[in-house]
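Have a look at upload.tsv below; it lists TSV, C-alpha atoms.
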chain	number	residue	atom	x	y	z
A	13	MET	CA	26.28	60.02	115.25
A	14	ALA	CA	24.18	57.19	113.87
A	15	ARG	CA	25.95	54.21	112.40
A	16	THR	CA	26.38	54.44	108.64
A	17	ILE	CA	24.02	52.11	106.81
A	18	GLY	CA	25.90	49.07	105.61
A	19	SER	CA	29.00	50.14	107.56
A	20	HIS	CA	30.80	46.85	107.64
A	21	GLY	CA	33.65	45.11	105.89
A	22	PRO	CA	35.15	46.48	102.69
A	23	ARG	CA	32.53	49.21	102.36
A	24	THR	CA	33.41	50.74	105.71
A	25	MET	CA	37.14	50.36	105.14
A	26	GLU	CA	36.81	52.26	101.88
A	27	ALA	CA	34.83	54.98	103.67
A	28	ILE	CA	37.56	55.18	106.32
A	29	ARG	CA	40.24	55.54	103.65
A	30	LYS	CA	38.33	58.32	101.89
A	31	ALA	CA	37.66	60.14	105.15
A	32	GLY	CA	41.26	59.71	106.27
A	33	LEU	CA	42.55	61.06	102.98
A	34	LYS	CA	40.30	64.11	103.26
A	35	LEU	CA	41.09	64.87	106.90
A	36	ILE	CA	44.85	64.34	106.65
A	37	TYR	CA	44.97	66.52	103.54
A	38	GLU	CA	42.98	69.27	105.25
A	39	HIS	CA	44.40	69.14	108.78
A	40	GLY	CA	47.60	67.08	108.70
A	41	PHE	CA	48.22	63.64	110.16
A	42	GLU	CA	49.15	64.75	113.68
A	43	ALA	CA	46.15	67.08	113.98
A	44	MET	CA	43.61	64.54	112.76
A	45	SER	CA	41.99	62.61	115.59
A	46	LEU	CA	40.29	59.23	115.49
A	47	ARG	CA	37.20	60.95	116.84
A	48	GLN	CA	37.16	63.22	113.77
A	49	LEU	CA	37.70	60.23	111.53
A	50	ALA	CA	34.85	58.26	113.08
A	51	ALA	CA	32.51	61.26	112.84
A	52	GLU	CA	33.39	61.76	109.18
A	53	VAL	CA	32.60	58.11	108.42
A	54	GLY	CA	29.52	58.02	110.65
A	55	ILE	CA	30.53	55.27	113.08
A	56	GLN	CA	31.51	55.03	116.73
A	57	VAL	CA	35.20	55.57	117.57
A	58	GLY	CA	35.45	52.05	118.94
A	59	SER	CA	34.18	50.64	115.64
A	60	LEU	CA	37.27	52.00	113.86
A	61	TYR	CA	39.33	49.30	115.52
A	62	ASN	CA	37.39	46.66	113.62
A	63	HIS	CA	39.10	48.02	110.50
A	64	ILE	CA	42.35	49.75	111.49
A	65	SER	CA	44.76	49.01	114.33
A	66	THR	CA	46.17	52.51	114.71
A	67	LYS	CA	46.16	55.91	113.06
A	68	GLN	CA	49.70	55.12	111.89
A	69	ASP	CA	48.47	52.00	110.09
A	70	LEU	CA	45.86	54.08	108.27
A	71	LEU	CA	48.50	56.56	107.11
A	72	PHE	CA	50.72	53.77	105.85
A	73	ASP	CA	47.76	52.11	104.13
A	74	LEU	CA	46.93	55.37	102.32
A	75	ILE	CA	50.49	56.06	101.18
A	76	ARG	CA	51.12	52.45	100.18
A	77	ALA	CA	47.86	52.38	98.18
A	78	HIS	CA	48.97	55.60	96.48
A	79	MET	CA	52.31	54.04	95.50
A	80	ASP	CA	50.63	50.87	94.25
A	81	GLU	CA	48.28	52.91	92.07
A	82	LEU	CA	51.17	55.05	90.83
A	83	PHE	CA	53.06	51.99	89.64
A	84	SER	CA	49.98	50.35	88.16
A	85	GLN	CA	49.14	53.40	86.05
A	86	PHE	CA	52.79	54.01	85.24
A	87	ASP	CA	53.24	50.48	83.88
A	88	THR	CA	50.15	50.89	81.70
A	89	ALA	CA	51.28	54.27	80.34
A	90	MET	CA	54.85	53.21	79.63
A	91	ALA	CA	53.87	49.90	78.01
A	92	VAL	CA	52.59	51.92	75.05
A	93	VAL	CA	56.10	53.27	74.36
A	94	ALA	CA	58.11	50.28	75.56
A	95	ASP	CA	59.63	49.73	72.09
A	96	LYS	CA	60.30	53.44	71.48
A	97	GLY	CA	63.49	55.41	71.93
A	98	PRO	CA	64.44	57.42	75.03
A	99	GLU	CA	62.99	60.70	73.69
A	100	GLU	CA	59.53	59.19	73.19
A	101	ARG	CA	59.69	57.40	76.52
A	102	LEU	CA	60.71	60.59	78.30
A	103	ARG	CA	57.79	62.46	76.73
A	104	ALA	CA	55.49	59.67	77.93
A	105	PHE	CA	57.01	59.86	81.41
A	106	VAL	CA	56.42	63.62	81.60
A	107	ALA	CA	52.81	63.25	80.41
A	108	PHE	CA	52.11	60.46	82.88
A	109	HIS	CA	53.74	62.14	85.86
A	110	VAL	CA	51.97	65.46	85.32
A	111	THR	CA	48.59	63.79	84.73
A	112	TYR	CA	48.85	61.55	87.79
A	113	HIS	CA	49.90	64.42	90.03
A	114	ILE	CA	46.99	66.55	88.86
A	115	VAL	CA	44.38	63.80	89.24
A	116	ARG	CA	45.75	62.39	92.52
A	117	LYS	CA	46.58	65.70	94.17
A	118	ARG	CA	45.59	64.66	97.70
A	119	GLU	CA	47.40	61.33	97.59
A	120	VAL	CA	50.54	62.95	96.22
A	121	PHE	CA	50.47	65.70	98.85
A	122	ILE	CA	50.06	63.26	101.72
A	123	GLY	CA	52.66	60.89	100.27
A	124	ALA	CA	55.20	63.69	100.30
A	125	SER	CA	54.29	65.83	103.32
A	126	GLU	CA	53.47	62.97	105.70
A	127	LEU	CA	56.37	60.69	104.80
A	128	ARG	CA	58.07	62.04	107.94
A	129	SER	CA	55.14	60.81	110.05
A	130	LEU	CA	55.65	57.16	109.14
A	131	GLU	CA	57.26	54.77	111.58
A	132	PRO	CA	60.79	53.65	110.53
A	133	ASN	CA	59.78	50.32	108.96
A	134	HIS	CA	56.92	51.92	107.04
A	135	TYR	CA	59.14	54.83	106.05
A	136	GLU	CA	61.78	52.53	104.59
A	137	GLU	CA	59.23	50.56	102.58
A	138	ILE	CA	57.78	53.69	100.98
A	139	VAL	CA	61.18	55.26	100.33
A	140	THR	CA	62.27	52.05	98.60
A	141	LEU	CA	59.26	52.30	96.28
A	142	ARG	CA	59.95	55.98	95.59
A	143	ARG	CA	63.53	55.15	94.65
A	144	LEU	CA	62.32	52.43	92.32
A	145	TYR	CA	60.11	54.96	90.54
A	146	GLU	CA	63.02	57.40	90.30
A	147	ARG	CA	65.20	54.68	88.77
A	148	HIS	CA	62.79	54.34	85.85
A	149	LEU	CA	63.44	57.97	84.92
A	150	ILE	CA	67.16	57.66	85.56
A	151	ALA	CA	67.29	54.67	83.19
A	152	ILE	CA	65.61	56.67	80.43
A	153	LEU	CA	68.06	59.53	80.91
A	154	ASP	CA	71.05	57.18	80.96
A	155	GLU	CA	69.96	55.54	77.73
A	156	GLY	CA	69.39	58.90	76.07
A	157	GLU	CA	72.81	60.14	77.12
A	158	LYS	CA	74.55	57.01	75.87
A	159	ALA	CA	72.76	57.44	72.53
A	160	GLY	CA	74.00	61.03	72.31
A	161	LEU	CA	70.47	62.47	72.54
A	162	PHE	CA	70.59	63.91	76.05
A	163	HIS	CA	73.18	65.99	77.87
A	164	CYS	CA	72.43	65.25	81.51
A	165	GLY	CA	75.75	65.85	83.18
A	166	ASP	CA	74.60	63.44	85.88
A	167	ALA	CA	71.47	61.39	85.17
A	168	ARG	CA	70.54	61.00	88.82
A	169	VAL	CA	70.78	64.73	89.55
A	170	ALA	CA	68.91	65.51	86.32
A	171	ALA	CA	66.16	63.06	87.32
A	172	TYR	CA	65.75	64.69	90.73
A	173	GLY	CA	65.49	68.11	89.11
A	174	ILE	CA	62.92	66.94	86.57
A	175	LEU	CA	60.82	65.21	89.23
A	176	ALA	CA	60.86	68.27	91.49
A	177	MET	CA	59.68	70.48	88.63
A	178	LEU	CA	56.95	68.11	87.43
A	179	THR	CA	55.67	67.23	90.89
A	180	GLY	CA	55.17	70.91	91.70
A	181	VAL	CA	52.18	70.92	89.37
A	182	CYS	CA	49.97	69.55	92.14
A	183	THR	CA	50.53	72.70	94.22
A	184	TRP	CA	49.42	75.26	91.65
A	185	PHE	CA	47.38	73.65	88.87
A	186	ARG	CA	43.65	74.38	88.88
A	187	PRO	CA	41.29	72.33	86.66
A	188	HIS	CA	39.44	75.45	85.53
A	189	GLY	CA	42.45	77.74	85.48
A	190	ARG	CA	44.15	79.54	82.63
A	191	LEU	CA	45.94	76.48	81.22
A	192	THR	CA	44.61	73.03	80.41
A	193	LYS	CA	46.38	69.89	81.54
A	194	GLU	CA	47.46	69.27	77.94
A	195	GLN	CA	49.00	72.73	77.69
A	196	VAL	CA	50.91	72.21	80.92
A	197	ILE	CA	52.22	68.87	79.67
A	198	ALA	CA	53.35	70.50	76.42
A	199	ILE	CA	55.17	73.29	78.29
A	200	TYR	CA	56.89	70.91	80.68
A	201	SER	CA	57.83	68.55	77.85
A	202	GLN	CA	59.40	71.43	75.95
A	203	GLN	CA	61.35	72.53	79.02
A	204	VAL	CA	62.58	69.04	79.90
A	205	LEU	CA	63.47	67.96	76.38
A	206	GLY	CA	64.85	71.37	75.45
A	207	GLY	CA	67.13	71.37	78.46
A	208	LEU	CA	68.41	67.86	77.82
A	209	MET	CA	68.73	68.07	74.04
A	210	GLY	CA	70.07	71.62	73.74
A	211	PRO	CA	73.76	72.50	73.42
A	212	ARG	CA	76.00	70.81	75.95
A	213	ALA	CA	76.94	73.11	78.81
A	214	PRO	CA	80.59	74.23	78.80

Please render this file's structure as structure tokens.
Amino acid sequence: MARTIGSHGPRTMEAIRKAGLKLIYEHGFEAMSLRQLAAEVGIQVGSLYNHISTKQDLLFDLIRAHMDELFSQFDTAMAVVADKGPEERLRAFVAFHVTYHIVRKREVFIGASELRSLEPNHYEEIVTLRRLYERHLIAILDEGEKAGLFHCGDARVAAYGILAMLTGVCTWFRPHGRLTKEQVIAIYSQQVLGGLMGPRAP
């Protein structure tokens, strides 16, 4: 295949990331070959090594970029409600998490399904970031329980349950489906808040 016009430097690296994201999402990390990747970008296989050292490094780069973007957007969204109480912050968390996981469906899928494919040092770095994100939700739940607003039982377990439910949106939501993103956020918010603020379980 002919070399892509202007295929050098940052432009080519961005094309490699986009192609890698597409191919890993469609075929899985193990099944994707560097030959496929090069063909998708429009460069020779050998030219890939001017931009990535290994296929593993590309996977880590994609997942790390996903986590960086997650935190960047999260910080922006939560800054708006930084001075609000735990109920408002939890609503904002639900809205952010659902929105991000709808918009970044491929990144989220790869970040979850291909975590097992990372080498140990890369795996630990990503897991550490995931735990940091989880702790933000746990902190909101802890604060709400201490204020008598939430009945979590165990904030960590409640956080894991909430995250599992919200994250599932990326597997079934369709942009032109029966429900809009806003309707889904409203339903999930009602379920999360209703469960936490309803009568305490016996």

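Ranking A:Pro22, A:Gly156, A:Gly173, A:Gly123 by their shortest atom-to-atom distance to His78 (chain A), with all atoms listed in the file included, puts A:Gly123 first.
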
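Neighbouring residues of Arg168 (chain A) at 10 Å or closer, counting all atoms listed in the file and skipping chain neighbours under 4 positions away, are Glu146, Arg147, Leu149, Ile150, Ala151, Leu153, Asp154, Cys164, Tyr172, Gly173 and Ile174 of chain A.
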
If we count all atoms listed in the file, what is near region 72-74 of chain A at a cut-off of 12 Å, once residues fewer than 3 positions away on the same chain are taken out, given as a PyMOL selection string? chain A and resi 25-26+28-34+36-37+41+63-69+77-81+118-124+126-139

By how many Å are CA of Arg142 (chain A) and CA of Cys182 (chain A) apart?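 If I compute the distance from CA of Arg142 (chain A) to CA of Cys182 (chain A), I get 17.2 Å.
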
From A:Glu42, A:Leu175, A:Ala104, A:Gln195, residue lying nearest Arg143 (chain A) [all atoms listed in the file]: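 Of A:Glu42, A:Leu175, A:Ala104, A:Gln195, the one nearest Arg143 (chain A) is A:Leu175, counting all atoms listed in the file.
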
Minimum-distance residue to Gly54 (chain A), chosen among A:Leu35, A:Ala27, A:His163, A:Ser201 (using all atoms listed in the file):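 Selected residue with least distance to Gly54 (chain A): A:Ala27.
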
For the atom pair CA of Glu155 (chain A) and CA of Leu208 (chain A), what is the interatomic distance in Å to one decimal place? 12.4 Å

Can you measure CA of Ile197 (chain A) to CA of Arg76 (chain A) for me? One decimal in Å is fine. 26.3 Å

Using all atoms listed in the file, which residue out of A:Gly97, A:Pro187, A:Gly207, A:Gly58 lies closest to Lys158 (chain A)?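 Using all atoms listed in the file, Lys158 (chain A) sits closest to A:Gly97.
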
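When all atoms listed in the file are used to compute distances to Leu49 (chain A), the closest of the residues A:Leu82, A:Leu70, A:Leu205, A:Ala159 turns out to be A:Leu70.
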
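Within 12 Å of Ile199 (chain A), once only C-alpha atoms are used and residues closer than 6 positions along the same chain are dropped, the contacting residues are Arg103, Val106, Ala107, Val110, Met177, Leu178, Val181, Leu191, Thr192, Lys193, Leu205 and Gly206 of chain A.
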